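Peer 1: Here you go, coords-v4.txt (compact mmCIF, C-alpha atoms):
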# COMPACT_ATOMS: atom_id res chain seq x y z
CA MET R 1 -10.35 -22.74 44.22
CA SER R 2 -8.63 -26.07 44.49
CA ARG R 3 -7.87 -29.01 42.24
CA ASN R 4 -8.70 -32.69 42.50
CA SER R 5 -7.24 -35.62 40.56
CA SER R 6 -8.98 -34.59 37.36
CA PRO R 7 -7.68 -31.79 35.13
CA LYS R 8 -10.91 -29.82 35.66
CA GLU R 9 -10.61 -26.98 38.14
CA ILE R 10 -13.23 -27.08 40.88
CA TRP R 11 -14.73 -24.28 42.93
CA TYR R 12 -15.67 -25.46 46.42
CA GLU R 13 -18.11 -23.50 48.56
CA THR R 14 -18.83 -24.32 52.20
CA LEU R 15 -21.30 -22.43 54.38
CA HIS R 16 -21.48 -25.28 56.88
CA ALA R 17 -18.60 -27.06 58.56
CA HIS R 18 -19.59 -30.53 57.34
CA PHE R 19 -20.97 -30.16 53.82
CA GLY R 20 -21.12 -27.80 50.88
CA GLN R 21 -21.28 -27.72 47.09
CA TYR R 22 -18.90 -27.47 44.19
CA PHE R 23 -18.86 -26.03 40.68
CA SER R 24 -16.64 -27.15 37.84
CA VAL R 25 -14.74 -24.21 36.36
CA ASP R 26 -14.83 -24.41 32.59
CA LYS R 27 -13.12 -21.04 32.25
CA GLU R 28 -12.13 -18.36 34.72
CA LEU R 29 -13.08 -15.03 33.17
CA TYR R 30 -12.02 -12.49 35.75
CA ARG R 31 -10.56 -12.10 39.22
CA GLU R 32 -9.81 -8.96 41.18
CA LYS R 33 -9.25 -7.94 44.76
CA THR R 34 -11.18 -4.68 45.12
CA GLU R 35 -11.04 -2.24 48.00
CA HIS R 36 -13.80 -4.19 49.73
CA GLN R 37 -13.82 -7.82 48.54
CA ASP R 38 -12.43 -10.54 46.31
CA LEU R 39 -14.34 -10.82 43.03
CA VAL R 40 -14.24 -13.78 40.66
CA ILE R 41 -16.36 -14.89 37.74
CA PHE R 42 -16.15 -18.17 35.88
CA GLU R 43 -18.13 -20.23 33.40
CA ASN R 44 -19.92 -23.43 34.39
CA ALA R 45 -21.62 -25.72 31.87
CA ALA R 46 -24.75 -26.19 34.01
CA LEU R 47 -25.26 -22.69 35.41
CA GLY R 48 -23.58 -20.35 32.93
CA ARG R 49 -21.53 -17.52 34.34
CA VAL R 50 -21.06 -17.66 38.09
CA MET R 51 -20.00 -14.73 40.31
CA ALA R 52 -18.48 -15.18 43.75
CA LEU R 53 -17.49 -12.61 46.38
CA ASP R 54 -15.00 -13.57 49.06
CA GLY R 55 -15.37 -17.23 48.19
CA VAL R 56 -19.17 -17.35 48.33
CA VAL R 57 -21.25 -17.74 45.15
CA GLN R 58 -23.60 -14.77 44.82
CA THR R 59 -25.36 -15.29 41.51
CA THR R 60 -25.48 -17.46 38.42
CA GLU R 61 -26.95 -16.81 35.01
CA ARG R 62 -29.11 -19.92 35.17
CA ASP R 63 -31.18 -19.28 38.31
CA GLU R 64 -30.77 -15.58 39.15
CA PHE R 65 -34.27 -14.81 37.89
CA ILE R 66 -35.88 -16.59 40.85
CA TYR R 67 -34.08 -14.47 43.42
CA HIS R 68 -34.52 -11.17 41.60
CA GLU R 69 -38.17 -11.69 40.68
CA MET R 70 -39.17 -12.62 44.22
CA LEU R 71 -37.26 -9.84 45.96
CA THR R 72 -38.77 -7.29 43.55
CA HIS R 73 -42.28 -8.22 42.46
CA VAL R 74 -43.55 -9.38 45.85
CA PRO R 75 -43.13 -5.99 47.56
CA LEU R 76 -43.92 -3.88 44.49
CA LEU R 77 -47.16 -5.69 43.66
CA ALA R 78 -48.18 -5.92 47.32
CA HIS R 79 -47.72 -2.15 47.60
CA GLY R 80 -49.55 -1.47 44.36
CA ASP R 81 -48.48 2.14 43.88
CA ALA R 82 -44.73 2.38 44.41
CA LYS R 83 -43.20 5.44 42.75
CA LYS R 84 -39.76 5.61 44.37
CA VAL R 85 -37.66 2.51 44.99
CA LEU R 86 -34.34 2.19 46.82
CA ILE R 87 -32.02 -0.76 46.22
CA ILE R 88 -29.21 -1.31 48.69
CA GLY R 89 -26.45 -3.38 47.06
CA GLY R 90 -27.56 -5.01 43.84
CA GLY R 91 -24.40 -4.24 41.89
CA ASP R 92 -25.00 -7.10 39.46
CA GLY R 93 -28.00 -5.19 38.07
CA GLY R 94 -30.55 -8.00 38.30
CA MET R 95 -32.70 -6.26 40.90
CA LEU R 96 -32.59 -3.02 38.94
CA ARG R 97 -33.70 -4.89 35.81
CA GLU R 98 -36.78 -6.26 37.54
CA VAL R 99 -37.72 -2.98 39.23
CA CYS R 100 -37.46 -1.15 35.92
CA ARG R 101 -40.02 -3.50 34.39
CA HIS R 102 -42.63 -1.70 36.52
CA LYS R 103 -43.59 1.29 34.39
CA GLY R 104 -45.31 3.02 37.29
CA VAL R 105 -42.02 3.39 39.15
CA GLU R 106 -40.75 6.93 38.63
CA SER R 107 -37.25 6.68 40.14
CA VAL R 108 -34.86 3.95 41.24
CA THR R 109 -31.87 4.72 43.44
CA MET R 110 -29.22 2.03 43.88
CA VAL R 111 -26.67 2.38 46.66
CA GLU R 112 -23.67 0.11 46.14
CA ILE R 113 -20.59 0.23 48.35
CA ASP R 114 -18.24 -1.16 45.71
CA ALA R 115 -18.00 0.58 42.34
CA GLY R 116 -15.86 -2.31 41.15
CA VAL R 117 -18.78 -4.72 41.42
CA VAL R 118 -20.93 -2.54 39.15
CA GLU R 119 -18.29 -2.23 36.42
CA PHE R 120 -17.35 -5.88 36.74
CA CYS R 121 -20.95 -7.04 36.33
CA ARG R 122 -21.77 -4.66 33.48
CA GLN R 123 -18.99 -6.24 31.49
CA TYR R 124 -19.20 -9.88 32.51
CA LEU R 125 -22.87 -10.35 33.47
CA PRO R 126 -24.65 -8.16 30.90
CA ASN R 127 -27.80 -10.31 30.95
CA HIS R 128 -28.35 -9.46 34.60
CA ASN R 129 -28.96 -5.76 34.02
CA ALA R 130 -30.25 -6.23 30.43
CA GLY R 131 -29.79 -2.52 29.73
CA ALA R 132 -31.39 -1.29 32.97
CA TYR R 133 -28.30 0.76 33.86
CA ASP R 134 -29.26 3.03 30.96
CA ASP R 135 -32.84 3.58 32.21
CA ALA R 136 -33.51 7.29 32.64
CA ARG R 137 -35.15 6.65 36.03
CA PHE R 138 -31.98 5.13 37.48
CA ASN R 139 -29.57 6.87 39.88
CA LEU R 140 -26.39 5.13 41.11
CA VAL R 141 -24.85 6.16 44.43
CA ILE R 142 -21.51 4.68 45.50
CA GLU R 143 -21.84 4.78 49.26
CA ASP R 144 -22.14 2.65 52.36
CA GLY R 145 -25.79 1.61 52.69
CA VAL R 146 -26.02 2.31 56.41
CA ASN R 147 -24.69 5.84 55.96
CA PHE R 148 -27.07 6.50 53.09
CA VAL R 149 -30.31 5.47 54.83
CA ASN R 150 -29.36 7.42 57.95
CA GLN R 151 -28.37 10.61 56.13
CA THR R 152 -30.56 10.93 53.03
CA SER R 153 -33.41 13.42 52.94
CA GLU R 154 -35.25 11.30 50.38
CA THR R 155 -38.06 8.89 51.21
CA PHE R 156 -39.07 5.74 49.34
CA ASP R 157 -42.10 3.54 48.86
CA VAL R 158 -40.11 0.29 48.72
CA ILE R 159 -36.60 -0.50 49.96
CA ILE R 160 -34.89 -3.68 48.74
CA SER R 161 -31.75 -4.79 50.53
CA ASP R 162 -29.91 -7.02 48.06
CA CYS R 163 -27.13 -7.76 50.51
CA THR R 164 -24.51 -10.44 50.87
CA ASP R 165 -24.41 -12.63 54.00
CA PRO R 166 -23.60 -10.81 57.28
CA ILE R 167 -19.84 -11.12 56.92
CA GLY R 168 -17.42 -8.60 55.45
CA PRO R 169 -19.02 -5.59 53.72
CA GLY R 170 -22.51 -7.08 54.10
CA GLU R 171 -22.40 -7.33 57.88
CA SER R 172 -23.57 -3.75 58.46
CA LEU R 173 -26.78 -4.41 56.49
CA PHE R 174 -28.04 -6.71 59.25
CA THR R 175 -27.67 -4.20 62.08
CA SER R 176 -30.20 -2.17 64.04
CA ALA R 177 -28.60 1.02 62.70
CA PHE R 178 -29.41 -0.06 59.15
CA TYR R 179 -32.96 -1.15 59.92
CA GLU R 180 -33.63 2.05 61.83
CA GLY R 181 -32.36 4.08 58.89
CA CYS R 182 -34.56 2.17 56.47
CA ALA R 183 -37.61 2.78 58.67
CA ARG R 184 -36.69 6.48 58.77
CA CYS R 185 -36.56 6.93 55.00
CA LEU R 186 -39.59 4.79 54.12
CA LYS R 187 -42.73 6.68 53.24
CA PRO R 188 -45.83 5.94 55.34
CA GLY R 189 -47.11 2.58 54.17
CA GLY R 190 -43.74 1.64 52.69
CA ILE R 191 -42.28 -1.87 52.53
CA PHE R 192 -38.77 -3.10 53.36
CA VAL R 193 -37.49 -6.46 52.11
CA ALA R 194 -34.09 -8.10 52.35
CA GLN R 195 -32.19 -11.27 51.54
CA ASN R 196 -31.99 -13.24 54.78
CA GLY R 197 -30.13 -16.45 53.99
CA VAL R 198 -31.16 -20.11 53.95
CA CYS R 199 -32.98 -20.43 57.26
CA PHE R 200 -32.34 -24.16 57.73
CA LEU R 201 -28.59 -23.50 57.91
CA GLN R 202 -28.68 -19.83 58.90
CA GLN R 203 -31.59 -19.76 61.33
CA ASP R 204 -29.88 -17.35 63.70
CA GLU R 205 -29.77 -14.77 60.91
CA ALA R 206 -33.53 -14.89 60.51
CA VAL R 207 -34.20 -14.78 64.24
CA ASN R 208 -31.82 -11.85 64.76
CA SER R 209 -33.28 -9.91 61.83
CA HIS R 210 -36.82 -10.49 63.07
CA THR R 211 -35.93 -9.27 66.56
CA LYS R 212 -34.19 -6.13 65.32
CA LEU R 213 -36.76 -5.24 62.67
CA SER R 214 -39.60 -5.59 65.20
CA HIS R 215 -38.25 -2.52 67.03
CA TYR R 216 -39.01 -0.35 63.98
CA PHE R 217 -41.92 -2.03 62.17
CA SER R 218 -45.25 -3.36 63.40
CA ASP R 219 -45.56 -6.13 60.81
CA VAL R 220 -42.41 -8.26 60.45
CA SER R 221 -42.26 -11.65 58.80
CA PHE R 222 -40.53 -13.62 56.06
CA TYR R 223 -41.37 -15.10 52.70
CA GLN R 224 -39.46 -17.76 50.81
CA ALA R 225 -38.31 -19.13 47.46
CA ALA R 226 -36.35 -22.19 46.37
CA ILE R 227 -33.18 -21.11 44.55
CA PRO R 228 -30.86 -23.97 43.51
CA THR R 229 -27.59 -22.06 43.88
CA TYR R 230 -28.33 -21.19 47.52
CA TYR R 231 -28.04 -24.71 48.82
CA GLY R 232 -29.27 -26.08 52.13
CA GLY R 233 -33.00 -25.41 51.88
CA ILE R 234 -35.34 -22.57 51.07
CA MET R 235 -34.05 -18.99 51.01
CA THR R 236 -35.84 -16.54 53.28
CA PHE R 237 -36.54 -12.88 52.56
CA ALA R 238 -37.19 -10.48 55.43
CA TRP R 239 -40.44 -8.50 55.18
CA ALA R 240 -41.15 -5.40 57.25
CA THR R 241 -43.85 -2.73 57.05
CA ASN R 242 -46.35 -0.90 59.22
CA ASN R 243 -49.28 -2.01 57.07
CA PRO R 244 -50.23 -5.65 57.81
CA ALA R 245 -52.82 -5.57 55.02
CA TYR R 246 -50.04 -5.94 52.44
CA ARG R 247 -49.44 -9.55 53.49
CA GLN R 248 -53.17 -10.28 53.35
CA ILE R 249 -53.88 -8.83 49.90
CA ASP R 250 -56.62 -10.81 48.19
CA SER R 251 -55.91 -12.94 45.15
CA GLN R 252 -58.19 -10.99 42.81
CA THR R 253 -56.49 -7.66 43.54
CA LEU R 254 -53.03 -9.15 43.22
CA GLN R 255 -53.87 -10.83 39.93
CA ALA R 256 -55.31 -7.58 38.58
CA ARG R 257 -52.13 -5.69 39.49
CA PHE R 258 -49.95 -8.36 37.92
CA ASP R 259 -52.01 -8.31 34.71
CA ALA R 260 -51.93 -4.52 34.58
CA ALA R 261 -48.15 -4.49 34.99
CA GLY R 262 -47.83 -6.56 31.83
CA ILE R 263 -44.83 -8.42 33.22
CA THR R 264 -43.95 -11.93 32.08
CA CYS R 265 -42.03 -13.85 34.74
CA ARG R 266 -40.27 -17.19 34.83
CA TYR R 267 -40.83 -17.88 38.54
CA TYR R 268 -43.12 -15.29 40.11
CA ASN R 269 -46.88 -15.44 39.77
CA PRO R 270 -49.67 -14.37 42.15
CA ALA R 271 -50.16 -17.92 43.49
CA ILE R 272 -46.44 -18.18 44.28
CA HIS R 273 -46.69 -14.75 45.92
CA HIS R 274 -49.39 -15.93 48.35
CA GLY R 275 -47.78 -19.28 49.06
CA SER R 276 -44.35 -17.78 49.73
CA PHE R 277 -45.51 -16.33 53.06
CA ALA R 278 -46.25 -19.82 54.46
CA LEU R 279 -43.26 -20.59 56.69
CA PRO R 280 -41.96 -23.97 57.88
CA GLN R 281 -42.78 -24.87 61.45
CA TYR R 282 -39.15 -25.00 62.56
CA LEU R 283 -38.75 -21.33 61.68
CA LEU R 284 -42.06 -20.39 63.32
CA ASN R 285 -40.95 -22.23 66.46
CA ALA R 286 -37.61 -20.41 66.49
CA LEU R 287 -39.32 -17.03 66.10
CA SER R 288 -41.85 -17.82 68.82
CA ALA R 289 -39.07 -18.72 71.23
CA THR R 290 -37.77 -15.14 71.08
CA ARG R 291 -41.04 -13.50 72.07
What do you get writing this file as structure tokens?
Peer 2:
Amino acid sequence: MSRNSSPKEIWYETLHAHFGQYFSVDKELYREKTEHQDLVIFENAALGRVMALDGVVQTTERDEFIYHEMLTHVPLLAHGDAKKVLIIGGGDGGMLREVCRHKGVESVTMVEIDAGVVEFCRQYLPNHNAGAYDDARFNLVIEDGVNFVNQTSETFDVIISDCTDPIGPGESLFTSAFYEGCARCLKPGGIFVAQNGVCFLQQDEAVNSHTKLSHYFSDVSFYQAAIPTYYGGIMTFAWATNNPAYRQIDSQTLQARFDAAGITCRYYNPAIHHGSFALPQYLLNALSATR
């Protein structure tokens, strides 16, 4: 954080050398250097409570629902019969909250490398988990995600990688070793999804993920959502499975599944689901250049 000429403290975030964004800090609530990363949470009048890890904003109370709904409901409703779900990362509890809204899910395992993030978020971002940490179906594992997917004997219908950008602790979740492990512990017909950055600014991330995932899955693509906090364009989510029919699910079936789930969303709906797989031409061109 740094100060300008006004008495208000300002949080500056820069993912690009020549521009970025800032947040006014109405009140700093917590700061700690954990074993793995620097955690801070502060209040902002426009976005509510804001959490940053190693200087990069990860989530805000105001717009977190977009990210968590899209990274959860798209794969779960496309699959249609997911019983076991694995979340890699997700210490703020938002992904767990959305997964637990699916009553047909029988177990949810969350693998988080940093126990400090979980405790920190339970106390300071309670609306993110909304009680989901107390769900009887939930199992928390404090472990490195790469180690877990390569060593576990369990298999899962859906794997959600709620990772940070590929720097620091999150770097290993963009490697071939991680993707290979996820492919290994997915059940036949399973779906893997992952946060993959803002492709206008972080295009190399998307291209590299696509190349690596294509070694282990026959159907690899991306879908997108506009999330205000993640500035610089539309956020991309990696999509990988061996069943291409999941991306082509018809509107009637998807709507029926959504209605049966009885879930009320603030961003996701079946029309958004279908439209999210339409990618901008600059990303399609970049992906084509690697083939």
Peer 1: For each of R:Leu284, R:Ile88, R:Val25, R:Ala206, take the minimum atom-to-atom distance to Phe178 in chain R, counting only C-alpha atoms, then give the residue where this is smallest.
Peer 2: R:Ile88
Peer 1: Restricting the calculation to all atoms listed in the file, which member of R:Val50, R:Val57, R:Ala78, R:Ile234 is positioned closest to Leu279 in chain R?
Peer 2: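 With all atoms listed in the file as the atom set, the closest residue is R:Ile234.
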Peer 1: When you count only C-alpha atoms, which of these residues is closest to Val193 in chain R: R:Leu71, R:Thr14, R:Gly91, R:Leu213?
Peer 2: R:Leu71
Peer 1: Distance CA of Gly275 in chain R-CA of Ile159 in chain R, one decimal place?
Peer 2: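 About the pair CA of Gly275 in chain R and CA of Ile159 in chain R: they are 21.9 Å apart.
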Peer 1: Please report the interatomic distance between CA of Trp11 in chain R and CA of Gly89 in chain R in Å with one decimal.
Peer 2: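 CA of Gly89 in chain R lies 24.3 Å from CA of Trp11 in chain R.
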Peer 1: Counting only C-alpha atoms, what is within 12 Å of Pro244 in chain R, bar same-chain residues fewer than 6 positions away, as number ranges by chain?
Peer 2: R: 78-79, 189-191, 217-221
Peer 1: I'd like the neighbourhood of Phe277 in chain R as a list of chain:residue names, where a residue qualifies if any of its atoms comes within 8 Å (using all atoms listed in the file), though same-chain residues fewer than 2 positions away should be ignored.
Peer 2: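 So the residues in contact are R:Phe222, R:Tyr223, R:Gln224, R:Arg247, R:His273, R:His274, R:Gly275, R:Leu279.
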